[in-house]
Each structure stands twice: as structure tokens, then as C-alpha cells.
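First the structure, in the form of C-alpha cells, and then the observations on it.
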Amino acid sequence: MPLKELLPDELLERFRDRAKGYDERNEFFHEDLAELKAQGYLGMFASMDDGGLGFGLEQVAAAQRRLATAAPATALAINMHLVWTGVAHLLACRGDDSLHYVLKEAVAGEVFAFGNSEAGNDSVLFDSNTVATALEDGSYSFTGTKIFTSLSPAWTRLGIFGKDESGDEPCLVHAFITRETPGYTIKDDWNTLGMRASQSNTTVLNGAVAPADRVFRKLPVGPTADPLIFSIFACFETLLAAVYTGLGERALELGVATVHRRKSKKTGKSYAQDPDIRWRIADAALAMDGLYPQLESLARDVDNLVNHGSQWFPRMVGLKVRATETARTVVDLIIRVSGGGTYFAGNELGRLYRDVLAGMFHPSDDESAHSTIANAWLGPIEP
């Protein structure tokens, strides 16, 4: 399905119109989600045989980039669903159908959320503060606190993980719970500077039990070559980059329109004729031009099973950091040429300025990314 058919201009305009209200009211994007479901958006990664759109990562990233030009917070939250469906798709492409049910349920309308992030856990997927306790029937109970749980008002399936230390070697247990599972609480604590419509509330697990058939991986603590970890990083980092690329793209578009519209009192000409402003617009355009091919190329390599070996993780975290930092720089440049009106509440550029700041908090952060890349090129630091 062409992107213009999946996300037609009139649909994006409705999303853009609603984004302002969601932000002002600190409200979840229920209407956007309903329309995306109706378009089959949640089943993009599922095969056509399963009722999905049969997209790969490159096509999904392009769709998320386009969606983010209208509603970045909506796109960011939908990312978390797409990470899980993307993981199921990438695993299947590599001969592992263990999460095929994720794709089938997404087509049926289930909404998946990502409940892995924990405060103070800089090991990310390689360790957990959450306690996973094995039960006699093969199920696991989970007790711990997950932060930044996007889609909190709407998810029906939550992917979580925790650490089981009962054996000789501790292991990390990955599983899904449902909305109906007892033993969890969603806090009403999402009152943030930006990305407000994502409603990424804190989720407290207090003995929430995942049944045995939804416990889908047990991995050792620490880095591992398991395809699950590769698939999560590939989808998470690439789709984050797509959202922030779309955000930067929209900022540049707004800046161009604004400087054509504003006129100088001194010259009577539009600010598009001012040499300093032209320089800033050119700087923003130059920065954005470098993102588009990198995003497309990396996503295409994932789809085509290209073997980058030890360079895969540096490439993925590098894309994420470059996209989020470039978008932040571009929005700043565009604010500088667009006048004081951007400082008022309700201005779209002002909202993009607040939204883009969230990029620095997503894993991998700047420090972690530099460490990953340095290790890939220089080897680990000697003890």
C-alpha cells in the first residue's frame, strides 16, 4: 500500500489539528489511534496472509516518519506497538516464529506496549531491577517498576522482563501480560514538558503473572547474541530515528513557509531574502538531507539480512543519536528565524521544540552510544 494511501494528506491534517489539543490537555490520542487502527496501521508488519500490510522495516520507518510530521507524540507512542510487531517480524524473517501470535493479535486489534524501561537501569536490556519468580506451572510473576510505558491508557498487551535469580545462574525472563492480568497499577504521573499525548505513565508490577505460553525468552544477564536483542534494538532505534526525522522535516517545512510569509519593515521584502536567515534555513536543510538516506539504508539492510557483524549496534545507536540531535538542532535553527510568536503556547513550532527534547532521554543516550561506538572501533577499556 502506498504511504499516501495509508496516511493520506487529509488524515494527517486531522492528526495535526488534534495534536495541539492533546498537548494542551495532556490527553491521550484516542481519536488518532482509532483512525490508525481503521487504516490497518497496527498490522503493518504482519504478512498479507495474516491480514496485515506485509511491510518491512524500511516501509514502516517511512510511515512513521510521515506520521511524525503531523503528530510526533502519536508517532512516538505507536512506535512501542511497532517495536513488538517489528520484533516478531524480524524474528520470523530469521527463522524464528515464536512471536507469530503477536502479529496475528495486532491484526485483530490488540495494542502492544513496551514495559521494559526502569529508573536507574543503565544496563537497559542486559539486566533488570524487576524480580521474576518462577511458578510451578511454568508461568512467572513479576514485581518491579517500569517507567515511560507509552500507550498506558490503551495497551491490551504489555511486554515486560525481569530477573530470575533462583537458579545457579541468574536469567532475564521476557513475557507478555494482558490488560486483564491482576497485579499491576498504572500511575497517573505523565505531566511532562513535551510528547504529552504519548501518556507514557509509570507501571508498577506487584506479582503480575504471565502464563507459561506467554513467557517467550530466558536469556543470561549481560550482552548476548540472541536474535531477540538484535531485533529489539533494530526496531527501537530505527523507528525512534524515523519519528525524530519526521519531526525535523516538519520544522523545516514550517520555517520555509514562515520566512516567506514574514516581511522586513526595513526592506519591505520577505525574510526569505535576508542573507542571515537564508543561511540558517540552508543549515537546517543540509542537516536534514544527511538523515534521510541513513535512515532508509539502515532499515533496508535489516530487511535484507545484511551482515554488519560487530558494527550493527554502532550503526543503530549512531542513527538514533544523529536523528534526535539533528532534529533538535534543526528545530532550534527554525525557531530562531520564525519570530517571537513561536514562544506562545499553542504554536506548533513551540510544541515541536518541547517534543524534540525527549529524544535525548531515549536509549541509547549520547553517553551509551559513544561507549558502544568506541568499543566497536577501539575495543573495550582495559581493566
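For the C-alpha cells, the naming scheme is as follows: chains receive sequential letters (A, B, ...) according to their order of presentation, residues are indexed from 1 within each chain, and ligands are indexed from 1 in presentation order.
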Quick one: DSSP strand (DSSP E) residues in region 72-269 of chain A, as a PyMOL selection string?
chain A and resi 112-115+131-134+140-149+157-164+171-178+184-186+201-210+215-220
Can you tell me which residues surround Thr85 (chain A) at a distance of at most 9 Å, considering only C-alpha atoms, apart from same-chain residues fewer than 6 positions away, and format the answer as a PyMOL selection string?
chain A and resi 42-46+99-100+102-103+106+112
In Å, rounded to a single decimal, give me how far CA of Ile229 (chain A) is from CA of Lys104 (chain A).
21.5 Å
Selected residue of minimal separation from Glu169 (chain A) among A:Leu125, A:Gly379, A:Gly222, A:Thr192, counting only C-alpha atoms
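Among the listed residues, A:Gly222 lies closest to Glu169 (chain A).
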Report as a count of residues only all protein, DNA and RNA residues lying within 10 Å of region 327-336 of chain A, evaluated on only C-alpha atoms, omitting residues in the same chain fewer than 3 positions from it.
49
Region 125-228 of chain A residues near region 13-36 of chain A within 7 Å, closest pair each, using only C-alpha atoms, as a tab-separated table:
residue	atom	partner	partner_atom	distance
A:Asn191	CA	A:Asn26	CA	7.0
A:Arg196	CA	A:Asn26	CA	5.4
A:Ala197	CA	A:Phe28	CA	4.6
A:Ser198	CA	A:Phe28	CA	6.2
A:Gln199	CA	A:Phe28	CA	5.9
Can you tell me, as a ChimeraX atom specification, which residues in region 118-259 of chain A count as alpha helix (DSSP H) by DSSP?
/A:227-259
Option closest in space to Ala119 (chain A), from A:Val83, A:Ala345, A:Val204, A:Leu239 [counting only C-alpha atoms]:
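When distances to Ala119 (chain A) are compared using only C-alpha atoms, the smallest one comes from A:Val204.
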Tell me, as a ChimeraX atom specification, which residues lie within 12 Å of Arg217 (chain A), counting only C-alpha atoms; anything in the same chain fewer than 6 positions away does not count.
/A:96,98-99,140,159-163,171-176,226-229
Quick one: pull the distance between CA of Gly52 (chain A) and CA of Leu158 (chain A), Å, one decimal.
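Distance between the two atoms: 20.7 Å.
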What lies within 12 Å of Asp127 (chain A) using only C-alpha atoms, ignoring chain neighbours under 2 positions off, as a PyMOL selection string?
chain A and resi 116-118+120-125+129-132+161-165+170-174+218-224
